[in-house]
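What follows is a set of notes on a single structure, which appears directly below.
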Amino acid sequence: MSNQGTHNTIPVAIIGTGNIGSDLLVKVLRSPYLTCAMFTGQHPDSPGIARARELNIPTSADSIAAIERDPGCCDIVFDATTAEAHRRHATVLARLKKFVIDMTPSQAGGMCVPLLNLEDSLAKQNVNMVTCGGQANAPIARAIMAVHPDIQYMEVVSSIASKSAGIGTRNNIDEYTQTTSDGIRALAGVPQVKTIIILNPADPPYLMHNTLYAEIERPDLPALERSIKHTVEKIREYVPGFRLLYGPVQESGRVTTITEVVGRGDYLPAYAGNLDIINCAAVAVAERYAKKKLGLH
Amino acid sequence: MERRIFIVDSTLRDGSHAVSHQLNADQVRGYAQRAEAANIPLVMVGHGNGLGASSLQLGRSLLPDREMLAIARQELKRSKLGAFLIPGFGTIKNDIGPAIDAGIDALMVACHCTEANITRQHLQYAASRGVTAYGVLMMTHMATPGELLEQAKLMESYGVQGVLLMDSAGAYLQRDVTEKVGTLVAGLRTAVGFHPHNNLGLAVANAVAAVEAGASIIDGTARGFGAGAGNVQLEVIIAVLHRLGYPTGVDLYRLMDASEYVAREVMKKPIAINAVTLTSGLAGVFSGFAPHAIRAAERFDVDVRDILMELGRRKAVGGQEDLILDVAMNLKQKKEQRPEDFQLESLS
C-alpha cells in the first residue's frame with residue numbers, strides 16, 4: 001500500500017479513528033500524492049488505531065494534542081471527529097497554519113463540493129466537506145438549476161444503512177440535517193432546500209439512496225436528463241460508485257431524480273457509499289492541494 | 001390497586017395523514033376545544049410525521065406547525081399540548097425551538113425502533129428547556145423484545161418521562177404486544193406506552209393487551225382518525241378501559257362528542273380496513289405510505305398491493321416514501337420486460 005512515484009508526497013494527519021477516519025486512511029495510503037504522518041484519536045483501544053498500528057502508521061490517543069506537540073509532522077489535517085470537537089480544533093489548527101479538511105458538519109470553514117468549487121476552496125485555510133448528503137445531492141441540484149434557473153425549492157432525501165452511521169454521525173444528526181440544506185443552498189444556488197435523512201437497519205444493508213425532488217412547472221426533461229447525466233459522469237471521476245438509478249421523471253407535479261452510491265469497500269463494505277462519497281471528495285481536495293504544493297499540475 | 005392510564009390523543013397529529021395533512025384552522029380549534037372539554041391529558045398537534053415534516057416527500061401541511069400549535073395552545077388549559085419530531089426530518093433550530101416558544105408542554109421524539117441514539121440531542125434539548133420529553137420507537141414489529149428494551153433504555157438514559165412503542169404498520173398480534181410491552185415494563189423504570197394501528201382489526205384488543213402487560217400510556221385518535229386503517233379509536237378503548245377498571249380521567253361523553261365532530265367536520269372519508277390498508281398491515285409497511293402508494297400505482301400503472309409487498313420485503317422504514325417511487329418504477333420495468341410472468345404476489 002506504500003506510495004509509489006518519483007515526486008515527493010505531502011504529509012497528512014487524520015484526527016478521529018472511527019469509520020470516517022479509518023476509511024480516509026485507506027484512501028490516503030492509496031494516493032500517490034499523500035502520506036499519512038499521524039493517525040490520532042481518543043481511544044487507544046479502538047479498532048481503527050489497532051489497524052493503523054499494524055500498517056506501521058504513527059498513531060496517538062491524544063487526539064489533537066499529538067499534532068500540537070509535533071506541528072511539523074503534517075501540512076494537511078483531516079478532522080473526522082464531531083462538529084462540537086471540530087469547533088475547538090479549528091482554532092488550534094488555524095494557529096498552527098494547517099490546511100484543514102473538516103469532515104464534520106460543523107461549518108467552521110468554507111463548504112466544498114469538489115465538482116462545484118474545488119479551486120476556490122484551496123484558497124481557504126479550513127474547508128468543510130458539508131455532509132455525505134451534500135456531496136451526493138448538491139451537484140445534481142446544480143445540474144437541474146442549470147436548466148431551470150427559476151427553481152425556488154428542492155428537497156433531498158438520503159437513506160443510509162444504519163451500520164454505516166457511526167456514533168459521530170448519530171450524535172450530530174441535527175447538524176447533519178441543517179448543514180446538508182445549507183450546503184446545497186449555498187453551492188447549488190437553490191433558494192430554499194429541505195433535507196430529510198433516514199437510517200435504515202435492513203440486513204443486507206441498503207446502499208446510500210438519494211432522492212431529489214425539484215418543483216418545476218414545465219420541465220424540459222430531455223435537457224434535464226442531459227445535464228444530470230453529464231454531472232453524474234463528472235462525479236464518477238472521483239466517486240466511482242456514484243450512479244443514476246431513476247429519472248429525471250415527472251410525477252405528482254415535481255421532477256424526481258434518484259441516485260445511489262456503491263462504496264469502494266475500503267474500510268466498510270460496499271453499502272457504506274455515504275462514507276465513500278464524502279471521503280473521496282475530501283481526498284480529491286487534499287490531492288489537488290498537494291499537487292499544487294508539489295508543483296505538479 | 002387501580003392503575004390510572006395516561007391518555008395521549010394524536011387526532012390532530014396522526015389524523016393529519018388521513019386528510020393529506022390538510023387540517024385547517026377551524027378544525028384544529030374545534031377539536032382542541034372538545035379535547036379540552038373531555039379532559040384529555042395530552043393533545044398532540046402538527047404534521048402527521050411531526051415537526052418539520054411538511055415536505056414533497058411526505059406531503060405538505062395546509063398550516064405550518066407553529067400556527068397549528070398556536071391555535072391549539074389558545075384552547076387547551078387543563079389538557080397539555082404536545083408536539084412530535086423525528087430527527088432527520090425536523091431540527092432543533094428550525095422546529096423544536098419554535099415549538100417550545102409556541103408553548104408546548106411535551107415533546108415526543110421518535111425514531112425507527114433500532115436507532116434510539118439519534119434522539120439524544122433532541123430529547124436532552126427538550127428537557128433542558130423544561131418540556132416533558134417522551135421517547136417513541138416506531139415500526140416496532142421489526143425488532144425483537146430484547147432489541148426494543150435495549151433501545152428504550154437508551155431513551156430512558158436521555159431523561160424521558162416515558163417510552164412509547166408504536167405499531168406503525170398495524171402488524172402486531174396480541175401475543176406480540178404482551179411480549180414486547182411486558183419486556184419493557186419489566187426492564188424500565190420509566191412509564192411504557194403503546195400506540196396501535198388497526199390494519200388487522202386488532203387496535204383495541206392490542207391496546208388492552210398492552211395495558212394488561214403493564215403499559216400506562218395509550219396513544220390513539222378520536223374515531224380512529226389516522227394513517228392507513230387508522231389508529232386505536234380513543235373513545236372505544238377508553239370505554240373498554242373503564243369497564244376493565246382502569247381509570248383515565250377522560251370524560252367519555254365529551255370525547256364521544258369530539259369523535260362526532262371529527263366524523264362530521266374533519267374526515268373526508270371513513271377510516272377503513274380495505275385492500276390497501278390490509279395489505280399494508282400484512283406487509284409490515286408504515287401506515288402513512290398508503291396514499292403515496294396509491295398515487296404511484298396510478299402513475300406507473302402497477303398494482304398498489306405489489307408496491308406494498310415489495311416495500312415490506314425491502315424493509316422500508318417510516319419516512320422512506322421516496323422508496324415507493326423507486327419500487328413502482330422498478331415494478332413497471334419488470335412488467336414491461338416480462339408481461340406474461342408478472343402476477344400479483346401471493347399474500348398468504
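Convention: chains lettered A, B, ... in C-alpha cells order; per-chain residue numbering from 1; ligands numbered from 1 as shown.
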Inset, instruction - Would you please give, as number ranges by chain, all residues of range 10-234 of chain A that DSSP assigns to alpha helix (DSSP H) based on the backbone? - result: A: 19-30, 47-54, 65-69, 83-95, 114-122, 132-147, 167-171, 173-188, 221-234
Please dump the current selection as a short mmCIF file (atom, residue, chain, number, x, y, z; two decimals), in the first residue's frame; keep C-alpha atoms.
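Wrote it out as again_17.cif, contents follow:
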```
data_model
loop_
_atom_site.label_atom_id
_atom_site.label_comp_id
_atom_site.auth_asym_id
_atom_site.auth_seq_id
_atom_site.Cartn_x
_atom_site.Cartn_y
_atom_site.Cartn_z
CA ASN A 19 -15.47 4.86 10.43
CA ILE A 20 -14.65 8.05 8.53
CA GLY A 21 -11.07 8.34 9.77
CA SER A 22 -10.27 4.68 9.09
CA ASP A 23 -11.68 4.81 5.58
CA LEU A 24 -9.78 8.05 4.90
CA LEU A 25 -6.59 6.33 5.96
CA VAL A 26 -7.02 3.65 3.28
CA LYS A 27 -7.61 6.32 0.65
CA VAL A 28 -4.63 8.42 1.76
CA LEU A 29 -2.37 5.37 1.63
CA ARG A 30 -3.53 4.69 -1.92
CA PRO A 47 -10.20 -0.98 16.15
CA GLY A 48 -9.13 1.91 13.89
CA ILE A 49 -5.96 2.59 15.93
CA ALA A 50 -5.09 -1.12 16.05
CA ARG A 51 -5.42 -1.38 12.31
CA ALA A 52 -3.28 1.71 11.68
CA ARG A 53 -0.59 0.37 14.01
CA GLU A 54 -0.49 -2.86 12.01
CA ALA A 65 -2.54 17.27 21.19
CA ALA A 66 -0.42 14.88 19.12
CA ILE A 67 -0.35 17.49 16.35
CA GLU A 68 0.22 20.40 18.73
CA ARG A 69 3.27 18.58 20.12
CA ALA A 83 -18.95 19.07 14.91
CA GLU A 84 -18.56 20.08 18.53
CA ALA A 85 -14.94 18.91 18.76
CA HIS A 86 -14.06 20.48 15.44
CA ARG A 87 -15.16 23.93 16.59
CA ARG A 88 -12.39 23.67 19.24
CA HIS A 89 -9.87 22.06 16.88
CA ALA A 90 -10.41 24.73 14.22
CA THR A 91 -8.85 27.47 16.37
CA VAL A 92 -5.79 25.38 17.20
CA LEU A 93 -5.25 24.28 13.61
CA ALA A 94 -5.62 27.83 12.31
CA ARG A 95 -2.91 28.95 14.73
CA PRO A 114 -15.17 19.41 -5.42
CA LEU A 115 -17.20 19.39 -8.62
CA LEU A 116 -18.67 22.79 -7.76
CA ASN A 117 -15.92 24.84 -6.09
CA LEU A 118 -12.63 22.96 -5.78
CA GLU A 119 -10.32 25.77 -6.88
CA ASP A 120 -11.99 28.39 -4.66
CA SER A 121 -11.76 26.05 -1.70
CA LEU A 122 -7.99 25.69 -1.98
CA CYS A 132 -22.42 12.90 2.54
CA GLY A 133 -25.92 14.05 1.55
CA GLY A 134 -24.47 17.38 0.46
CA GLN A 135 -21.76 15.69 -1.62
CA ALA A 136 -24.27 13.39 -3.30
CA ASN A 137 -27.03 15.90 -3.96
CA ALA A 138 -25.51 19.36 -4.45
CA PRO A 139 -24.01 18.59 -7.90
CA ILE A 140 -27.32 17.11 -9.11
CA ALA A 141 -29.17 20.14 -7.74
CA ARG A 142 -26.78 22.40 -9.64
CA ALA A 143 -27.28 20.35 -12.84
CA ILE A 144 -31.03 20.91 -12.51
CA MET A 145 -30.62 24.63 -11.72
CA ALA A 146 -28.52 24.98 -14.90
CA VAL A 147 -31.57 24.02 -16.96
CA ILE A 167 -21.68 7.39 16.75
CA GLY A 168 -20.32 10.73 15.47
CA THR A 169 -22.97 10.91 12.75
CA ARG A 170 -25.67 9.92 15.23
CA ASN A 171 -24.64 12.47 17.81
CA ILE A 173 -27.80 14.15 13.30
CA ASP A 174 -29.26 17.59 13.91
CA GLU A 175 -26.25 19.48 12.49
CA TYR A 176 -26.14 16.95 9.67
CA THR A 177 -29.68 17.78 8.57
CA GLN A 178 -29.13 21.51 8.86
CA THR A 179 -25.71 21.53 7.14
CA THR A 180 -26.88 19.45 4.18
CA SER A 181 -29.59 22.01 3.44
CA ASP A 182 -27.19 24.93 3.93
CA GLY A 183 -24.59 23.33 1.64
CA ILE A 184 -26.99 22.66 -1.21
CA ARG A 185 -28.48 26.13 -0.90
CA ALA A 186 -25.07 27.81 -0.99
CA LEU A 187 -23.27 25.63 -3.54
CA ALA A 188 -26.08 24.82 -5.98
CA LEU A 221 -36.97 16.68 -19.39
CA PRO A 222 -34.55 15.95 -22.29
CA ALA A 223 -32.35 18.91 -21.27
CA LEU A 224 -32.53 17.86 -17.62
CA GLU A 225 -31.55 14.34 -18.49
CA ARG A 226 -28.52 15.54 -20.47
CA SER A 227 -27.42 17.88 -17.71
CA ILE A 228 -27.86 15.31 -14.94
CA LYS A 229 -26.14 12.51 -16.86
CA HIS A 230 -23.19 14.76 -17.64
CA THR A 231 -22.88 15.66 -13.95
CA VAL A 232 -23.09 12.03 -12.88
CA GLU A 233 -20.17 11.22 -15.18
CA LYS A 234 -18.15 14.08 -13.64
#
```
Legend entry - DSSP strand (DSSP E or B) selection over range 48-150 of chain B, as a list in words: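 Everything in range 48-150 of chain B that counts as strand (DSSP E or B) is Ser55, Gly59, Lys80, Leu81, Gly82, Ala83, Phe84, Leu85, Pro87, Gly90, Ala106, Leu107, Met108, Val109, Ala110, Cys111, His112, Thr132, Ala133, Tyr134, Gly135, Val136, Leu137 and Met138 of chain B.
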Dump C-alpha atoms for the selected residues as a tab-separated table (two decimals), in the first residue's frame?
```
chain	number	residue	atom	x	y	z
B	55	SER	CA	-42.42	18.29	2.52
B	59	GLY	CA	-46.96	15.82	1.85
B	80	LYS	CA	-51.37	19.59	27.90
B	81	LEU	CA	-50.16	20.44	24.39
B	82	GLY	CA	-47.62	18.16	22.75
B	83	ALA	CA	-45.57	18.06	19.54
B	84	PHE	CA	-43.84	15.19	17.77
B	85	LEU	CA	-40.50	15.16	15.99
B	87	PRO	CA	-34.70	13.55	13.98
B	90	GLY	CA	-37.01	18.49	11.63
B	106	ALA	CA	-44.46	17.95	25.96
B	107	LEU	CA	-42.30	16.73	23.09
B	108	MET	CA	-42.23	13.20	21.69
B	109	VAL	CA	-39.03	12.40	19.84
B	110	ALA	CA	-39.43	9.37	17.59
B	111	CYS	CA	-37.11	7.21	15.55
B	112	HIS	CA	-37.05	3.87	13.81
B	132	THR	CA	-41.68	16.89	29.30
B	133	ALA	CA	-39.86	14.55	26.93
B	134	TYR	CA	-41.11	11.19	25.69
B	135	GLY	CA	-39.20	8.74	23.52
B	136	VAL	CA	-41.03	6.91	20.75
B	137	LEU	CA	-39.85	3.79	18.94
B	138	MET	CA	-41.57	3.37	15.56
```
Inset, instruction - May I have the residues within 8 Å of range 100-102 of chain A as a list in words, using only C-alpha atoms and disregarding those fewer than 5 positions away in the same chain? - result: Ile76, Val77, Phe78, Asp79, Ala80, His86, Ala90, Leu93, Gly109, Gln125, Asn126, Val127, Asn128, Met129, Ala282 and Ala286 of chain A
At most 6 Å is the cut-off: for each residue in chain B with any atom that close to an atom of chain A, write down the nearest atom pair and the distance in Å rounded to one decimal, counting only C-alpha atoms, chain first then increasing number, as a Markdown table.
```
| residue | atom | partner | partner_atom | distance |
| --- | --- | --- | --- | --- |
| B:Gly88 | CA | A:Ile197 | CA | 4.6 |
| B:Phe89 | CA | A:Ile196 | CA | 4.9 |
| B:Thr91 | CA | A:Asp174 | CA | 5.6 |
| B:Ile118 | CA | A:Arg170 | CA | 5.0 |
| B:Lys315 | CA | A:Ala202 | CA | 5.9 |
```
Those residues with C-alpha atoms, as a PDB file, in the first residue's frame please?
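out.pdb, written as the output of this step:
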```
ATOM      1  CA  GLY B  88     -33.563  13.786  10.369  1.00  0.00           C
ATOM      2  CA  PHE B  89     -36.848  15.456   9.383  1.00  0.00           C
ATOM      3  CA  THR B  91     -34.195  20.194  13.512  1.00  0.00           C
ATOM      4  CA  ILE B 118     -30.298   9.676  17.162  1.00  0.00           C
ATOM      5  CA  LYS B 315     -37.767  -3.430   4.926  1.00  0.00           C
TER       6      LYS B 315
END
```
Legend entry - Residue with smallest distance to Arg299 in chain B - pool B:Leu278, B:Ala272, B:Val43, B:Ile324, counting only C-alpha atoms: B:Ile324
Inset, instruction - May I ask which of the residues B:Ala37, B:Met267, B:Leu165, B:Leu244 is the closest one to Gly230 in chain B, counting only C-alpha atoms? - result: B:Met267
Inset, instruction - Could you tell me which of B:Gln233, B:Asn49, B:Gln151, B:Thr119 comes closest to Asn206 in chain B if we count only C-alpha atoms? - result: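 Looking at the shortest contact to Asn206 in chain B, the residue is B:Gln233.
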Legend entry - Proximity to Gly30 in chain B - best of B:Arg78, B:Arg295, B:Arg264, B:Arg314, only C-alpha atoms: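 Nearest candidate to Gly30 in chain B out of B:Arg78, B:Arg295, B:Arg264, B:Arg314: B:Arg264.
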Legend entry - Proximity to Gln174 in chain B - best of B:Tyr158, B:His195, B:Val204, B:Gln337, only C-alpha atoms: B:Val204
Inset, instruction - Excluding Ala171 in chain B and residues on its chain fewer than 4 positions from it, collect all residues at most 7 Å away from it, counting only C-alpha atoms, and give them as a ChimeraX atom specification. - result: /B:141,167,199-200,281-282,284
Output N, CA and C atoms for every residue in the selection just made, as a compact mmCIF listing (two decimals), in the first residue's frame.
```txt
# COMPACT_ATOMS: atom_id res chain seq x y z
N HIS B 141 -42.72 -3.62 15.11
CA HIS B 141 -42.90 -5.04 14.73
C HIS B 141 -41.61 -5.57 14.13
N ASP B 167 -46.92 0.61 16.92
CA ASP B 167 -47.14 -0.42 15.91
C ASP B 167 -47.51 0.35 14.64
N ASN B 199 -54.73 -1.98 11.10
CA ASN B 199 -54.73 -2.66 9.80
C ASN B 199 -55.25 -4.08 9.86
N LEU B 200 -55.02 -4.77 10.96
CA LEU B 200 -55.51 -6.15 11.09
C LEU B 200 -56.74 -6.22 11.99
N GLY B 281 -50.74 -3.73 6.31
CA GLY B 281 -50.53 -4.37 7.61
C GLY B 281 -49.84 -5.72 7.47
N LEU B 282 -50.25 -6.48 6.46
CA LEU B 282 -49.62 -7.80 6.24
C LEU B 282 -48.17 -7.65 5.82
N GLY B 284 -46.28 -5.27 6.65
CA GLY B 284 -45.49 -4.62 7.71
C GLY B 284 -44.91 -3.29 7.25
```
Inset, instruction - Give the answer as one residue: which of B:Ala207, B:Met309, B:Ala290, B:Cys113 has the shortest atom-to-atom distance to Ile238 in chain B, using only C-alpha atoms? - result: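 The answer is B:Ala207, which sits nearest to Ile238 in chain B.
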Inset, instruction - For CA of Ala290 in chain A and CA of Ile10 in chain A, quote the distance in Å rounded to one decimal. - result: 5.8 Å
Inset, instruction - Just give me the gap between CA of Met139 in chain B and CA of Asp105 in chain B in Å, one decimal is fine. - result: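 Atom-to-atom, CA of Met139 in chain B to CA of Asp105 in chain B, that is 25.4 Å.
Put simply, CA of Val113 in chain A is 15.6 Å away from CA of Pro240 in chain A.
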Inset, instruction - Find the residues around Lys153 in chain B up to 10 Å (only C-alpha atoms counted), leave out those fewer than 3 positions away in its own chain, and share them as a ChimeraX atom specification. - result: /B:116,147-150,156-158,160,163,184,187-190
Atoms kept (C-alpha atoms) for selection, written as an mmCIF file, in the first residue's frame:
```cif
data_model
loop_
_atom_site.group_PDB
_atom_site.id
_atom_site.type_symbol
_atom_site.label_atom_id
_atom_site.label_comp_id
_atom_site.auth_asym_id
_atom_site.auth_seq_id
_atom_site.Cartn_x
_atom_site.Cartn_y
_atom_site.Cartn_z
ATOM 1 C CA ALA B 116 -32.613 5.390 19.557
ATOM 2 C CA GLU B 147 -33.660 -5.128 20.975
ATOM 3 C CA LEU B 148 -36.560 -2.858 21.888
ATOM 4 C CA LEU B 149 -35.615 -2.931 25.564
ATOM 5 C CA GLU B 150 -32.025 -2.010 24.763
ATOM 6 C CA GLU B 156 -34.505 6.342 29.407
ATOM 7 C CA SER B 157 -30.899 7.448 29.889
ATOM 8 C CA TYR B 158 -31.695 10.660 27.943
ATOM 9 C CA VAL B 160 -37.592 10.784 29.194
ATOM 10 C CA VAL B 163 -41.150 5.361 26.166
ATOM 11 C CA LEU B 184 -40.183 -3.057 28.529
ATOM 12 C CA GLY B 187 -36.844 -3.687 32.271
ATOM 13 C CA LEU B 188 -37.526 0.057 32.572
ATOM 14 C CA ARG B 189 -38.169 2.386 35.480
ATOM 15 C CA THR B 190 -39.954 4.897 33.254
#
```
Legend entry - Residue contacts of Gly288 in chain B (7 Å, only C-alpha atoms) excluding same-chain residues fewer than 6 positions away, as JSON, numbers by chain: {"B": [17, 227, 228]}
Legend entry - Spatial neighbours of Asp251 in chain B, max dist 9 Å, only C-alpha atoms, sep filter under 3 positions, as a ChimeraX atom specification: /B:37-40,248,254-256
Write a file of the selected residues as an mmCIF file, in the first residue's frame, keeping C-alpha atoms.
```cif
data_model
loop_
_atom_site.group_PDB
_atom_site.id
_atom_site.type_symbol
_atom_site.label_atom_id
_atom_site.label_comp_id
_atom_site.auth_asym_id
_atom_site.auth_seq_id
_atom_site.Cartn_x
_atom_site.Cartn_y
_atom_site.Cartn_z
ATOM 1 C CA ALA B 37 -63.837 19.639 27.394
ATOM 2 C CA ALA B 38 -63.210 15.887 27.542
ATOM 3 C CA ASN B 39 -60.251 16.431 29.880
ATOM 4 C CA ILE B 40 -57.776 14.658 27.618
ATOM 5 C CA THR B 248 -58.266 7.577 32.694
ATOM 6 C CA ARG B 254 -67.432 14.685 25.874
ATOM 7 C CA LEU B 255 -64.907 12.552 23.986
ATOM 8 C CA MET B 256 -67.773 10.943 22.041
#
```
